[in-house]
$ cat start-v9.cif   # mmCIF, C-alpha atoms and all ligand atoms
data_input
loop_
_atom_site.group_PDB
_atom_site.id
_atom_site.type_symbol
_atom_site.label_atom_id
_atom_site.label_comp_id
_atom_site.auth_asym_id
_atom_site.auth_seq_id
_atom_site.Cartn_x
_atom_site.Cartn_y
_atom_site.Cartn_z
ATOM 1 C CA MET R 1 -47.180 -2.804 155.449
ATOM 2 C CA ARG R 2 -48.695 -3.601 158.857
ATOM 3 C CA PHE R 3 -51.257 -1.487 160.656
ATOM 4 C CA GLY R 4 -50.720 -0.451 164.271
ATOM 5 C CA ALA R 5 -47.180 0.882 164.397
ATOM 6 C CA PRO R 6 -46.475 3.639 165.043
ATOM 7 C CA HIS R 7 -49.581 4.222 167.160
ATOM 8 C CA ARG R 8 -50.406 7.661 168.545
ATOM 9 C CA HIS R 9 -53.165 7.877 171.172
ATOM 10 C CA TYR R 10 -54.887 11.067 172.322
ATOM 11 C CA ARG R 11 -57.037 11.485 175.392
ATOM 12 C CA VAL R 12 -58.964 14.085 173.448
ATOM 13 C CA THR R 13 -58.611 15.480 169.947
ATOM 14 C CA ASP R 14 -60.897 17.110 167.400
ATOM 15 C CA SER R 15 -60.862 14.270 164.849
ATOM 16 C CA THR R 16 -58.492 11.318 164.561
ATOM 17 C CA ASN R 17 -58.838 11.577 160.772
ATOM 18 C CA ASP R 18 -57.480 15.131 160.954
ATOM 19 C CA ARG R 19 -54.544 14.036 163.142
ATOM 20 C CA ALA R 20 -53.787 11.172 160.730
ATOM 21 C CA ARG R 21 -53.960 13.534 157.781
ATOM 22 C CA GLU R 22 -51.415 15.855 159.412
ATOM 23 C CA LEU R 23 -49.169 12.855 159.980
ATOM 24 C CA VAL R 24 -49.500 11.821 156.317
ATOM 25 C CA GLU R 25 -48.476 15.297 155.240
ATOM 26 C CA ALA R 26 -45.516 15.159 157.620
ATOM 27 C CA GLY R 27 -44.383 11.929 155.922
ATOM 28 C CA ALA R 28 -45.658 9.289 158.370
ATOM 29 C CA PRO R 29 -45.350 5.714 157.091
ATOM 30 C CA GLY R 30 -48.188 3.473 155.976
ATOM 31 C CA GLY R 31 -49.613 1.524 158.922
ATOM 32 C CA THR R 32 -49.531 4.505 161.308
ATOM 33 C CA VAL R 33 -52.600 4.523 163.570
ATOM 34 C CA VAL R 34 -54.182 7.356 165.536
ATOM 35 C CA THR R 35 -56.779 6.681 168.249
ATOM 36 C CA ALA R 36 -58.553 8.895 170.762
ATOM 37 C CA ARG R 37 -60.616 8.420 173.879
ATOM 38 C CA GLU R 38 -62.758 11.361 172.855
ATOM 39 C CA GLN R 39 -63.308 13.515 169.751
ATOM 40 C CA THR R 40 -64.645 17.058 169.856
ATOM 41 C CA GLU R 41 -65.280 17.325 166.109
ATOM 42 C CA GLY R 42 -65.694 13.749 164.891
ATOM 43 C CA ARG R 43 -66.711 13.659 161.257
ATOM 44 C CA GLY R 44 -69.057 11.288 159.459
ATOM 45 C CA ARG R 45 -69.812 10.779 155.788
ATOM 46 C CA GLN R 46 -71.623 13.389 153.726
ATOM 47 C CA GLY R 47 -70.508 16.202 156.030
ATOM 48 C CA ARG R 48 -72.303 14.755 159.036
ATOM 49 C CA VAL R 49 -71.104 14.917 162.628
ATOM 50 C CA TRP R 50 -69.997 11.739 164.452
ATOM 51 C CA THR R 51 -70.309 11.762 168.219
ATOM 52 C CA ALA R 52 -69.507 9.196 170.898
ATOM 53 C CA PRO R 53 -69.334 9.507 174.692
ATOM 54 C CA GLU R 54 -65.773 9.546 176.047
ATOM 55 C CA GLY R 55 -64.124 6.116 176.223
ATOM 56 C CA LYS R 56 -67.151 4.208 174.900
ATOM 57 C CA ALA R 57 -66.248 3.808 171.245
ATOM 58 C CA LEU R 58 -63.129 2.931 169.330
ATOM 59 C CA LEU R 59 -62.137 6.082 167.434
ATOM 60 C CA TYR R 60 -59.472 4.931 165.016
ATOM 61 C CA SER R 61 -57.742 6.310 161.929
ATOM 62 C CA ALA R 62 -55.076 4.484 159.957
ATOM 63 C CA ILE R 63 -52.785 5.618 157.181
ATOM 64 C CA LEU R 64 -52.728 3.485 154.051
ATOM 65 C CA ARG R 65 -49.657 4.304 152.007
ATOM 66 C CA PRO R 66 -48.880 3.529 149.267
ATOM 67 C CA LEU R 67 -52.435 3.579 147.941
ATOM 68 C CA ASP R 68 -52.544 2.090 144.448
ATOM 69 C CA GLU R 69 -54.526 0.000 141.986
ATOM 70 C CA ARG R 70 -54.532 -2.958 144.403
ATOM 71 C CA HIS R 71 -56.892 -0.971 146.623
ATOM 72 C CA LEU R 72 -59.788 -0.287 144.257
ATOM 73 C CA LEU R 73 -62.140 -2.227 146.542
ATOM 74 C CA LEU R 74 -60.899 -0.510 149.733
ATOM 75 C CA PRO R 75 -64.404 0.814 150.599
ATOM 76 C CA LEU R 76 -65.562 -2.817 150.688
ATOM 77 C CA SER R 77 -62.545 -4.367 152.381
ATOM 78 C CA VAL R 78 -62.519 -1.988 155.371
ATOM 79 C CA PRO R 79 -66.016 -2.911 156.636
ATOM 80 C CA LEU R 80 -65.052 -6.585 156.247
ATOM 81 C CA ALA R 81 -62.085 -5.936 158.538
ATOM 82 C CA VAL R 82 -64.373 -4.237 161.055
ATOM 83 C CA CYS R 83 -66.794 -7.197 160.985
ATOM 84 C CA ALA R 84 -63.970 -9.658 161.549
ATOM 85 C CA ALA R 85 -62.514 -7.575 164.402
ATOM 86 C CA ALA R 86 -65.913 -7.254 166.088
ATOM 87 C CA GLU R 87 -66.448 -11.017 165.862
ATOM 88 C CA GLU R 88 -62.945 -11.641 167.217
ATOM 89 C CA LEU R 89 -63.787 -9.492 170.240
ATOM 90 C CA ARG R 90 -67.255 -11.011 170.738
ATOM 91 C CA PRO R 91 -67.330 -14.414 169.084
ATOM 92 C CA ASN R 92 -71.095 -14.879 169.532
ATOM 93 C CA VAL R 93 -72.067 -11.971 167.256
ATOM 94 C CA ARG R 94 -72.450 -11.975 163.470
ATOM 95 C CA CYS R 95 -71.936 -8.704 161.649
ATOM 96 C CA GLN R 96 -73.219 -7.700 158.253
ATOM 97 C CA VAL R 97 -72.326 -4.963 155.798
ATOM 98 C CA LYS R 98 -74.581 -2.297 154.378
ATOM 99 C CA TRP R 99 -73.434 -0.743 151.147
ATOM 100 C CA PRO R 100 -71.366 1.296 150.731
ATOM 101 C CA ASN R 101 -69.483 0.840 153.992
ATOM 102 C CA ASP R 102 -71.502 0.603 157.173
ATOM 103 C CA VAL R 103 -71.260 -2.328 159.543
ATOM 104 C CA TRP R 104 -74.495 -3.626 160.988
ATOM 105 C CA LEU R 105 -75.323 -5.859 163.882
ATOM 106 C CA GLU R 106 -78.862 -7.182 164.017
ATOM 107 C CA GLU R 107 -80.280 -4.383 161.856
ATOM 108 C CA HIS R 108 -78.521 -1.654 163.811
ATOM 109 C CA LYS R 109 -75.482 0.390 162.847
ATOM 110 C CA LEU R 110 -72.459 -0.789 164.810
ATOM 111 C CA SER R 111 -69.729 1.106 163.016
ATOM 112 C CA GLY R 112 -69.238 3.930 160.546
ATOM 113 C CA ILE R 113 -66.309 4.368 158.176
ATOM 114 C CA LEU R 114 -64.942 7.551 156.635
ATOM 115 C CA ILE R 115 -62.177 7.011 154.083
ATOM 116 C CA GLU R 116 -60.420 10.171 152.925
ATOM 117 C CA ALA R 117 -57.958 9.603 150.123
ATOM 118 C CA LYS R 118 -55.607 11.525 147.869
ATOM 119 C CA PRO R 119 -54.890 8.927 145.165
ATOM 120 C CA GLN R 120 -52.623 11.283 143.203
ATOM 121 C CA ASP R 121 -50.355 11.472 146.275
ATOM 122 C CA GLY R 122 -50.731 7.741 146.981
ATOM 123 C CA TRP R 123 -52.390 7.732 150.405
ATOM 124 C CA ALA R 124 -55.676 7.217 152.206
ATOM 125 C CA VAL R 125 -56.776 7.791 155.776
ATOM 126 C CA ILE R 126 -59.166 5.066 156.949
ATOM 127 C CA GLY R 127 -61.350 6.439 159.739
ATOM 128 C CA ILE R 128 -63.427 4.011 161.783
ATOM 129 C CA GLY R 129 -65.832 4.608 164.640
ATOM 130 C CA LEU R 130 -66.869 1.375 166.386
ATOM 131 C CA ASN R 131 -69.487 1.580 169.151
ATOM 132 C CA LEU R 132 -68.244 -0.480 172.100
ATOM 133 C CA THR R 133 -70.169 0.305 175.283
ATOM 134 C CA ILE R 134 -72.485 3.194 174.377
ATOM 135 C CA ALA R 135 -75.828 2.545 176.081
ATOM 136 C CA PRO R 136 -79.006 2.779 173.971
ATOM 137 C CA GLY R 137 -80.025 6.039 175.663
ATOM 138 C CA GLU R 138 -76.643 7.641 174.979
ATOM 139 C CA PHE R 139 -76.952 7.670 171.183
ATOM 140 C CA PRO R 140 -78.142 10.954 169.663
ATOM 141 C CA ALA R 141 -81.918 10.931 169.221
ATOM 142 C CA ASP R 142 -81.806 12.070 165.596
ATOM 143 C CA LEU R 143 -79.656 9.272 164.121
ATOM 144 C CA ARG R 144 -80.561 8.280 160.557
ATOM 145 C CA HIS R 145 -80.094 4.612 161.408
ATOM 146 C CA PRO R 146 -80.699 3.026 164.820
ATOM 147 C CA ALA R 147 -77.328 2.335 166.449
ATOM 148 C CA VAL R 148 -75.992 -0.399 168.679
ATOM 149 C CA SER R 149 -72.831 -1.145 170.648
ATOM 150 C CA LEU R 150 -70.783 -4.311 170.434
ATOM 151 C CA TYR R 151 -71.145 -4.690 174.196
ATOM 152 C CA GLY R 152 -74.565 -3.106 174.311
ATOM 153 C CA THR R 153 -77.701 -3.725 176.188
ATOM 154 C CA ALA R 154 -80.708 -4.523 174.010
ATOM 155 C CA THR R 155 -82.036 -1.620 172.013
ATOM 156 C CA GLU R 156 -85.478 -1.330 170.539
ATOM 157 C CA ALA R 157 -85.832 -2.334 166.897
ATOM 158 C CA ARG R 158 -89.089 -0.933 165.586
ATOM 159 C CA GLY R 159 -90.673 -1.334 168.996
ATOM 160 C CA LYS R 160 -89.410 -4.906 169.450
ATOM 161 C CA PRO R 161 -86.684 -5.554 172.032
ATOM 162 C CA ARG R 162 -83.656 -7.291 170.562
ATOM 163 C CA ARG R 163 -83.448 -10.623 172.286
ATOM 164 C CA SER R 164 -80.631 -12.589 170.754
ATOM 165 C CA LEU R 165 -77.754 -10.375 171.937
ATOM 166 C CA PRO R 166 -77.412 -10.818 175.669
ATOM 167 C CA ALA R 167 -76.731 -7.638 177.573
ATOM 168 C CA VAL R 168 -73.211 -7.321 178.904
ATOM 169 C CA ALA R 169 -72.678 -5.002 181.817
ATOM 170 C CA PRO R 170 -70.179 -2.388 180.642
ATOM 171 C CA GLU R 171 -68.809 -2.211 184.209
ATOM 172 C CA GLY R 172 -67.596 -5.797 183.840
ATOM 173 C CA LEU R 173 -65.434 -5.004 180.839
ATOM 174 C CA PRO R 174 -61.723 -4.373 181.064
ATOM 175 C CA PRO R 175 -60.678 -0.704 180.857
ATOM 176 C CA SER R 176 -58.307 -1.828 178.099
ATOM 177 C CA LEU R 177 -61.222 -2.691 175.788
ATOM 178 C CA PRO R 178 -60.541 0.157 173.316
ATOM 179 C CA SER R 179 -56.899 -0.914 173.000
ATOM 180 C CA ALA R 180 -57.885 -4.568 172.518
ATOM 181 C CA ALA R 181 -60.339 -3.384 169.860
ATOM 182 C CA ALA R 182 -57.656 -1.279 168.157
ATOM 183 C CA ALA R 183 -55.270 -4.237 168.077
ATOM 184 C CA ALA R 184 -57.956 -6.553 166.611
ATOM 185 C CA LEU R 185 -58.842 -3.966 164.006
ATOM 186 C CA SER R 186 -55.227 -3.442 162.971
ATOM 187 C CA ARG R 187 -54.777 -7.205 162.563
ATOM 188 C CA GLN R 188 -57.906 -7.492 160.443
ATOM 189 C CA LEU R 189 -56.965 -4.488 158.312
ATOM 190 C CA ASP R 190 -53.625 -6.209 157.615
ATOM 191 C CA ARG R 191 -55.626 -9.147 156.318
ATOM 192 C CA TRP R 192 -58.436 -7.428 154.399
ATOM 193 C CA VAL R 193 -56.663 -4.436 152.870
ATOM 194 C CA GLU R 194 -54.223 -6.856 151.225
ATOM 195 C CA ALA R 195 -56.894 -9.413 150.246
ATOM 196 C CA SER R 196 -57.532 -10.159 146.578
ATOM 197 C CA ASP R 197 -60.575 -8.613 144.871
ATOM 198 C CA GLU R 198 -62.020 -12.098 144.569
ATOM 199 C CA GLU R 199 -61.793 -12.742 148.335
ATOM 200 C CA VAL R 200 -63.284 -9.341 149.125
ATOM 201 C CA LEU R 201 -66.220 -9.810 146.749
ATOM 202 C CA VAL R 202 -66.991 -13.305 148.065
ATOM 203 C CA GLU R 203 -66.888 -12.199 151.689
ATOM 204 C CA TRP R 204 -68.876 -9.031 151.007
ATOM 205 C CA ARG R 205 -71.623 -11.035 149.304
ATOM 206 C CA ARG R 206 -71.695 -13.446 152.252
ATOM 207 C CA ARG R 207 -72.221 -10.580 154.677
ATOM 208 C CA ASP R 208 -74.516 -8.430 152.505
ATOM 209 C CA ALA R 209 -77.383 -7.161 154.679
ATOM 210 C CA MET R 210 -79.200 -5.485 151.807
ATOM 211 C CA ARG R 211 -79.674 -8.139 149.183
ATOM 212 C CA GLY R 212 -83.372 -8.720 148.535
ATOM 213 C CA ARG R 213 -84.379 -5.676 150.572
ATOM 214 C CA GLU R 214 -86.408 -2.798 149.203
ATOM 215 C CA ILE R 215 -84.298 0.316 149.099
ATOM 216 C CA SER R 216 -84.679 3.895 147.980
ATOM 217 C CA TRP R 217 -82.218 6.588 146.919
ATOM 218 C CA ASP R 218 -82.169 10.040 145.373
ATOM 219 C CA GLU R 219 -84.038 11.376 148.416
ATOM 220 C CA GLY R 220 -86.689 8.691 148.095
ATOM 221 C CA LYS R 221 -87.479 9.537 144.472
ATOM 222 C CA SER R 222 -86.114 6.203 143.178
ATOM 223 C CA SER R 223 -86.563 2.735 144.603
ATOM 224 C CA GLY R 224 -86.025 -0.932 143.840
ATOM 225 C CA VAL R 225 -84.779 -4.171 145.354
ATOM 226 C CA ALA R 226 -81.071 -4.517 146.191
ATOM 227 C CA ASP R 227 -79.528 -7.257 144.073
ATOM 228 C CA GLY R 228 -75.998 -7.407 145.425
ATOM 229 C CA ILE R 229 -72.824 -5.770 144.181
ATOM 230 C CA ASP R 230 -71.067 -6.038 140.847
ATOM 231 C CA ASP R 231 -67.365 -6.890 140.563
ATOM 232 C CA ARG R 232 -66.389 -3.216 140.912
ATOM 233 C CA GLY R 233 -68.283 -2.821 144.165
ATOM 234 C CA ASN R 234 -71.234 -0.911 142.694
ATOM 235 C CA LEU R 235 -74.683 -1.651 144.087
ATOM 236 C CA VAL R 236 -77.054 -3.334 141.630
ATOM 237 C CA VAL R 237 -80.755 -2.603 142.097
ATOM 238 C CA ALA R 238 -83.611 -4.461 140.384
ATOM 239 C CA LEU R 239 -86.242 -1.953 139.266
ATOM 240 C CA ALA R 240 -89.987 -2.603 139.475
ATOM 241 C CA ALA R 241 -90.399 -1.579 135.822
ATOM 242 C CA GLY R 242 -87.814 -4.209 134.786
ATOM 243 C CA GLY R 243 -84.100 -3.845 134.207
ATOM 244 C CA SER R 244 -81.640 -2.672 136.786
ATOM 245 C CA ALA R 245 -79.834 0.399 138.039
ATOM 246 C CA VAL R 246 -76.204 0.500 139.117
ATOM 247 C CA LEU R 247 -75.340 2.872 141.954
ATOM 248 C CA GLY R 248 -71.729 3.943 142.277
ATOM 249 C CA SER R 249 -71.742 5.939 145.484
ATOM 250 C CA GLY R 250 -73.873 8.004 147.802
ATOM 251 C CA GLU R 251 -76.644 7.112 150.163
ATOM 252 C CA VAL R 252 -79.322 4.474 149.979
ATOM 253 C CA GLN R 253 -81.999 3.832 152.574
ATOM 254 C CA ILE R 254 -83.298 0.405 153.471
ATOM 255 C CA ARG R 255 -87.079 0.551 153.788
ATOM 256 C CA LEU R 256 -87.818 -0.538 157.338
HETATM 257 C C1 LIG W 1 -70.202 7.571 159.042
HETATM 258 O O1 LIG W 1 -70.865 6.550 159.251
HETATM 259 O O2 LIG W 1 -70.753 8.625 158.685
HETATM 260 C C2 LIG W 1 -68.711 7.535 159.214
HETATM 261 C C3 LIG W 1 -68.274 7.828 160.636
HETATM 262 C C4 LIG W 1 -66.780 7.764 160.827
HETATM 263 C C5 LIG W 1 -66.360 8.148 162.233
HETATM 264 C C6 LIG W 1 -64.898 7.918 162.497
HETATM 265 S S1 LIG W 1 -64.514 8.064 164.223
HETATM 266 C C7 LIG W 1 -62.803 8.021 163.847
HETATM 267 C C8 LIG W 1 -62.607 8.856 162.598
HETATM 268 N N1 LIG W 1 -62.459 10.263 162.950
HETATM 269 C C9 LIG W 1 -63.478 11.009 162.469
HETATM 270 O O3 LIG W 1 -63.592 12.240 162.624
HETATM 271 N N2 LIG W 1 -64.339 10.231 161.803
HETATM 272 C C10 LIG W 1 -63.923 8.837 161.792
#
$ encode --input "start-v9.cif" --output "structure tokens"
Amino acid sequence: MRFGAPHRHYRVTDSTNDRARELVEAGAPGGTVVTAREQTEGRGRQGRVWTAPEGKALLYSAILRPLDERHLLLPLSVPLAVCAAAEELRPNVRCQVKWPNDVWLEEHKLSGILIEAKPQDGWAVIGIGLNLTIAPGEFPADLRHPAVSLYGTATEARGKPRRSLPAVAPEGLPPSLPSAAAAALSRQLDRWVEASDEEVLVEWRRRDAMRGREISWDEGKSSGVADGIDDRGNLVVALAAGGSAVLGSGEVQIRL
């Protein structure tokens, strides 16, 4: 299965994940991709809203079918594909992953991933939002994590300007940037969705932004130090009292 064909593009739609889901139910093949220039009801994880100004983010949903036991680490392999695609587009950047499946660039959230699956029917919709040219002032003020664009001007990280990513004038970018980004992402999904568990775990650990960082979960009631992932993709946390906790899903906060 290869991602990117057929490819349906909308100027505006409510959510590319919803369009992809309709296509799945209508029998669309694995590899089908839906993109949009704008979403009116973009969805994030945990019931949150995902917004992006028109034409300034890649809004991408892909159908994975058949979904089977080879894809148990899918939530880890998709952010690896996004990292690789981002670095293909801008070779001077280095992306990291934040468990369970955010992509970070210099401590800021570059991309969010919403995977919606029906394993009993053998499919998943992989939804990806990748910030391309959203200016710092265009992100919603109430974001849980500070956000950044791949071709962004410097944003403020805890009051300090980010210096190592040179600003790129969005006006200088080709209008075809979202389609170049979609093509890079499809290529990298081909690679990472089919990768072995071993390859995924090695690459995830190489890109892990959380290891050694103090984190909290359960609405701040529990905390510890992130100690990497186990071979099933669970997050291992070293506890202050000794021993460790294993987190299987949900939200963790890095203490900034
Ligand atoms: C998150 O970080 O909460 C996940 C955000 C996922 C957003 C993408 S944009 C394309 C696709 N369509 C949606 O409605 N959501 C995903």
$ residues_around --input "start-v9.cif" --residues "Ser77 of chain R" --least-positions-apart "4" --cutoff "12 Å" --atoms "only C-alpha atoms" --output "PyMOL selection string"
chain R and resi 70-73+81-84+97+99-103+113+115+126+188-205+207+233
$ residues_near_ligand --input "start-v9.cif" --ligand "ligand LIG 1 (chain W)" --cutoff "8 Å" --atoms "only C-alpha atoms and all ligand atoms" --output "MDAnalysis selection string"
chainID R and resid 14:18 35 39 41:46 48:51 58:61 101:102 111:114 126:130
$ atom_distance --input "start-v9.cif" --atom1 "atom CA of Arg65 of chain R" --atom2 "atom CA of His9 of chain R"
19.8 Å
$ atom_distance --input "start-v9.cif" --atom1 "atom CA of Glu106 of chain R" --atom2 "atom CA of Ala209 of chain R"
9.5 Å
$ resolve_selection --input "start-v9.cif" --expression "the PyMOL selection byres (((chain R and resi 133) around 8) and not hetatm)" --output "PyMOL selection string"
chain R and resi 56-57+131-132+134-135+149-152+170
$ residues_around --input "start-v9.cif" --residues "Lys118 of chain R" --least-positions-apart "5" --cutoff "12 Å" --atoms "all atoms listed in the file" --output "list of chain:residue names"
R:Arg21, R:Val24, R:Glu25, R:Ile63, R:Leu64, R:Arg65, R:Pro66, R:Leu67, R:Asp68, R:Trp123, R:Ala124, R:Val125, R:Ile126
$ atom_distance --input "start-v9.cif" --atom1 "atom CA of Asn92 of chain R" --atom2 "atom CA of Leu235 of chain R"
28.9 Å
$ resolve_selection --input "start-v9.cif" --expression "the PyMOL selection byres (((chain R and resi 249) around 8) and not hetatm)" --output "list in words"
Pro100, Asn234, Leu247, Gly248, Gly250 and Glu251 of chain R
$ closest_residue --input "start-v9.cif" --among "R:Ala52, R:Glu138, R:Gly224, R:Trp217" --to "Gly243 of chain R" --atoms "all atoms listed in the file"
R:Gly224
$ closest_residue --input "start-v9.cif" --among "R:Lys98, R:Gly228, R:Pro29, R:Pro119" --to "Phe3 of chain R" --atoms "all atoms listed in the file"
R:Pro29
$ residues_near_point --input "start-v9.cif" --point "(-74.4, -9.3, 160.4)" --cutoff "6 Å" --atoms "only C-alpha atoms" --output "MDAnalysis selection string"
chainID R and resid 94:96 104:105
$ write_last_selection --input "start-v9.cif" --atoms "C-alpha atoms" --output "CSV table (one decimal), in the coordinates of the input"
chain,number,residue,atom,x,y,z
R,94,ARG,CA,-72.4,-12.0,163.5
R,95,CYS,CA,-71.9,-8.7,161.6
R,96,GLN,CA,-73.2,-7.7,158.3
R,104,TRP,CA,-74.5,-3.6,161.0
R,105,LEU,CA,-75.3,-5.9,163.9
$ closest_residue --input "start-v9.cif" --among "R:Ala20, R:Ala36, R:Val148, R:Val246" --to "Arg232 of chain R" --atoms "all atoms listed in the file"
R:Val246
$ resolve_selection --input "start-v9.cif" --expression "the PyMOL selection byres (((chain R and resi 184) around 9) and not hetatm)" --output "PyMOL selection string"
chain R and resi 82+84-86+88-89+179-183+185-189
$ residues_around --input "start-v9.cif" --residues "Pro146 of chain R" --least-positions-apart "3" --cutoff "7 Å" --atoms "only C-alpha atoms" --output "list in words"
His108, Lys109 and Leu143 of chain R
$ axis_aligned_box --input "start-v9.cif" --around "segment 101-106 of chain R" --padding-each-side "5 Å" --output "AutoDock Vina command-line options"
--center_x -74.2 --center_y -3.2 --center_z 159.0 --size_x 19.4 --size_y 18.0 --size_z 20.0
$ residues_around --input "start-v9.cif" --residues "Glu38 of chain R" --least-positions-apart "5" --cutoff "8 Å" --atoms "all atoms listed in the file" --output "list in words"
Tyr10, Arg11, Val12, Thr13, Ala52, Pro53, Glu54, Gly55 and Leu59 of chain R
$ closest_residue --input "start-v9.cif" --among "R:Ile254, R:Glu87, R:Ser244, R:Glu69" --to "Gly220 of chain R" --atoms "all atoms listed in the file"
R:Ile254
